[in-house]
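S.K.: Below you will find the structure I want to go over with you.
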Amino acid sequence: MKTKTLIVAAALIWMGACNRESRRYKELSPADARPETVKLSTLQPGKADPPVNKTSPYQANAYGLSEGKRLFSAYNCNGCHAMGGGGIGPALMDDKWIYGGEPDQIYSTILQGRPNGMPSFAGRVPNNQVWQLVSYVQSMSGNTPEDAAPSRDDDLAAKKPENRERPRRPKQTGHR
Amino acid sequence: MGQAIQSALNPTGIQAARISDLYWLMFWTSTVVYVAVLIALTVAIWRGRRSDAGEPSRATAAKWVTAATAISIVTLIGLLFASVATGRAMGSLSTENALGIEVVGYQWWWSVKYKNPTPSLEVTTANELHVPVGRPIAISLKAFDVIHSFWVPNLHGKVDLIPGRENLITLQVDRAGVYRGQCAEYCGLQHAHMAFNIIAEESDAFERWLTAQRTPAPPPSSPELTSGLAVVERGPCQMCHTIRGTTAGGRFGPDLTHVATRSTLASGTVPNTPDALTSWIKDPQHIKPGTKMPSTGLSEQELQALVAYLQTLK
């Protein structure tokens, strides 16, 4: 009897230690501007800077990632990037990045647009949704935690779920 | 929206009338067969209970079974002929001088285009078809994403909208009125909220409506309306929506040029009132979970100006 009570108590304490994620009830305001030091090139005079490692606030947030997945089709990113496989625009699920695959680089690519087709979404998409999209785009190449990335599609599944993607470290290629 | 009828038992077009006739023929035939079977069963039970009734001879039994089988075959073949004849008659509606409309099914709304040989006279609207009474209407059906099905029970049967194909449905409305249609092929989360209205009116009223739809959106007439238009043109709306006469030209969502003339929002989900419009734009996922329209984080001021502007799109 005593052992049972102990086991139950231990299980409860152990479960209390679970802290997978928290919902952000106060979303980022539009005034929360983009990071200013985004570099699109790995080339720079002198020694290379140490990486900034700016991450998206939704990096390990299942809610944010699933919102990003929904917005990816709602804002018709699919129109060019076709579920991440690429079409008119480059593929997003591989490790090749023309303008950098770090979160802050993806963020500024979405907001500023890029030559040869990528439109600028500044003023169109609220800041917090851009960050959700950034995290979702990262999850396409397996660069978000497995327990937070989306595990299923609401529609016909075009590819395997994001949480089963093998992580591919982004490599900056500068070309398609 | 309240008066829109949706009933296959209340046909208002020759096509639906034929379907209804066939339905009642099958209904009464089945009723007669059902009653006959029950009577035979009752008689059999009653006779079997009487101890003095002996076994019927094999010849008598064979006679009854043969007769019943023959009657069943004749009845079924009769119904088959009735069904084929109905199908043929439905396909034979003349499309001479027909009004050409193109309907495209999206998850989860309908795009409606009134065809015209002159492209500038074409009209695009959404979730509402105005049609003239007594004139054949040829609707070509396409799908943008998955299979949908076009079904107005008062006017015709169902015809599927299939991606990559063009299907045709021809119908004719005999009586003015508002008829409700509904997607009849499960197409995803909000399949149930994918309705539309067919508004049948006399031909001069229809022509007036069509001419009005051809005009571009009126320019904003007050500072508030101007800032509402600015939200459309510089904000998120124009990524998906078209308002003719402005720079908004997105094609991913319904055409909003004359959105204030429609009776419902979000494909028959809520009535088109300023309050409903405000809450719809503020949080579409609350009203229609899963809809492709995102909430776009507009400020209260922007939202008010935007709704005021959209109200002027008559």
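We label chains A, B, ... in the order they appear in the structure tokens, count residues from 1 in each chain, and number ligands from 1 in the order shown.
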Against segment 244-267 of chain B, which residues of segment 50-145 of chain B fall within 8 Å? For each one I want the closest pair of atoms and the distance in Å (one decimal), counting only C-alpha atoms, rows by chain and increasing residue number, as JSON lines.
M.R.:
{"residue": "B:Trp108", "atom": "CA", "partner": "B:Ser267", "partner_atom": "CA", "distance": 7.2}
{"residue": "B:Trp109", "atom": "CA", "partner": "B:Ser267", "partner_atom": "CA", "distance": 5.2}
{"residue": "B:Trp110", "atom": "CA", "partner": "B:Ser267", "partner_atom": "CA", "distance": 7.2}
{"residue": "B:Ser111", "atom": "CA", "partner": "B:Pro254", "partner_atom": "CA", "distance": 6.5}
{"residue": "B:Thr124", "atom": "CA", "partner": "B:Asp255", "partner_atom": "CA", "distance": 6.6}
{"residue": "B:Thr125", "atom": "CA", "partner": "B:Asp255", "partner_atom": "CA", "distance": 5.5}
{"residue": "B:Ala126", "atom": "CA", "partner": "B:Pro254", "partner_atom": "CA", "distance": 5.7}
{"residue": "B:Asn127", "atom": "CA", "partner": "B:Ser267", "partner_atom": "CA", "distance": 5.4}
{"residue": "B:Glu128", "atom": "CA", "partner": "B:Arg262", "partner_atom": "CA", "distance": 7.1}
S.K.: Can you list, as a ChimeraX atom specification, all residues belonging to segment 21-127 of chain A that DSSP tags as helix (DSSP H, G or I)?
M.R.: /A:62-74,78-84,103-112,127
S.K.: How would the residues just chosen look if you wrote them out with C-alpha atoms as a PDB file, in the first residue's frame?
M.R.:
ATOM      1  CA  ALA A  62       3.675  23.416 -31.201  1.00  0.00           C
ATOM      2  CA  TYR A  63       0.841  25.939 -31.394  1.00  0.00           C
ATOM      3  CA  GLY A  64       2.976  28.469 -33.255  1.00  0.00           C
ATOM      4  CA  LEU A  65       4.255  25.815 -35.644  1.00  0.00           C
ATOM      5  CA  SER A  66       0.797  24.509 -36.488  1.00  0.00           C
ATOM      6  CA  GLU A  67      -0.406  28.078 -36.990  1.00  0.00           C
ATOM      7  CA  GLY A  68       2.560  28.586 -39.301  1.00  0.00           C
ATOM      8  CA  LYS A  69       1.552  25.497 -41.237  1.00  0.00           C
ATOM      9  CA  ARG A  70      -1.989  26.805 -41.637  1.00  0.00           C
ATOM     10  CA  LEU A  71      -0.802  30.282 -42.649  1.00  0.00           C
ATOM     11  CA  PHE A  72       1.600  28.770 -45.176  1.00  0.00           C
ATOM     12  CA  SER A  73      -1.410  27.716 -47.233  1.00  0.00           C
ATOM     13  CA  ALA A  74      -3.663  30.614 -46.155  1.00  0.00           C
ATOM     14  CA  ASN A  78       2.050  27.024 -51.631  1.00  0.00           C
ATOM     15  CA  GLY A  79       1.390  28.945 -54.834  1.00  0.00           C
ATOM     16  CA  CYS A  80       5.156  29.092 -55.507  1.00  0.00           C
ATOM     17  CA  HIS A  81       6.807  26.866 -52.926  1.00  0.00           C
ATOM     18  CA  ALA A  82       4.378  23.954 -53.401  1.00  0.00           C
ATOM     19  CA  MET A  83       4.219  22.353 -49.930  1.00  0.00           C
ATOM     20  CA  GLY A  84       7.921  23.090 -49.515  1.00  0.00           C
ATOM     21  CA  PRO A 103      15.543  32.207 -38.650  1.00  0.00           C
ATOM     22  CA  ASP A 104      16.374  35.906 -38.861  1.00  0.00           C
ATOM     23  CA  GLN A 105      17.396  35.499 -42.494  1.00  0.00           C
ATOM     24  CA  ILE A 106      14.135  33.723 -43.369  1.00  0.00           C
ATOM     25  CA  TYR A 107      12.278  36.433 -41.481  1.00  0.00           C
ATOM     26  CA  SER A 108      13.846  39.240 -43.456  1.00  0.00           C
ATOM     27  CA  THR A 109      13.404  37.299 -46.711  1.00  0.00           C
ATOM     28  CA  ILE A 110       9.655  37.093 -46.060  1.00  0.00           C
ATOM     29  CA  LEU A 111       9.362  40.744 -45.059  1.00  0.00           C
ATOM     30  CA  GLN A 112      11.716  42.298 -47.623  1.00  0.00           C
ATOM     31  CA  ASN A 127       4.815  40.297 -37.212  1.00  0.00           C
TER      32      ASN A 127
END
S.K.: Pull out every residue of chain B sitting within 12 Å of chain A, counting only C-alpha atoms, and send them as a PyMOL selection string.
M.R.: chain B and resi 107+145-146+187-190+230-241+250-253+284-285+289-299
S.K.: Just the residues within 9 Å of Pro161 of chain A, please, counting only C-alpha atoms, with nothing from its chain fewer than 6 positions along; format it as a PyMOL selection string.
M.R.: chain A and resi 140+149-153
S.K.: Mind pulling up the distance from atom CA of Pro90 of chain A to atom CA of Asn61 of chain A?
M.R.: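 Separation of atom CA of Asn61 of chain A and atom CA of Pro90 of chain A: 25.7 Å.
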S.K.: Give me the residues within 12 Å of Ala48 of chain A as an NGL selection string, counting only C-alpha atoms and dropping any in the same chain fewer than 6 places off.
M.R.: :A and (39 or 41-42)
S.K.: Need to verify the contact set: Gln182 of chain B, 7 Å, only C-alpha atoms, exclusion of same-chain residues closer than 3 positions in sequence. Can you return it as a ChimeraX atom specification?
M.R.: /B:150-152,194-196
S.K.: With C-alpha atoms kept, could you save the residues just selected as an mmCIF file, in the first residue's frame?
M.R.:
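Ended up saving to result-v1.cif:
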data_model
loop_
_atom_site.group_PDB
_atom_site.id
_atom_site.type_symbol
_atom_site.label_atom_id
_atom_site.label_comp_id
_atom_site.auth_asym_id
_atom_site.auth_seq_id
_atom_site.Cartn_x
_atom_site.Cartn_y
_atom_site.Cartn_z
ATOM 1 C CA PHE B 150 -23.083 21.481 -56.974
ATOM 2 C CA TRP B 151 -26.547 20.762 -55.634
ATOM 3 C CA VAL B 152 -29.653 22.924 -55.622
ATOM 4 C CA MET B 194 -20.225 25.697 -48.176
ATOM 5 C CA ALA B 195 -23.651 26.864 -49.229
ATOM 6 C CA PHE B 196 -24.862 29.363 -51.794
#
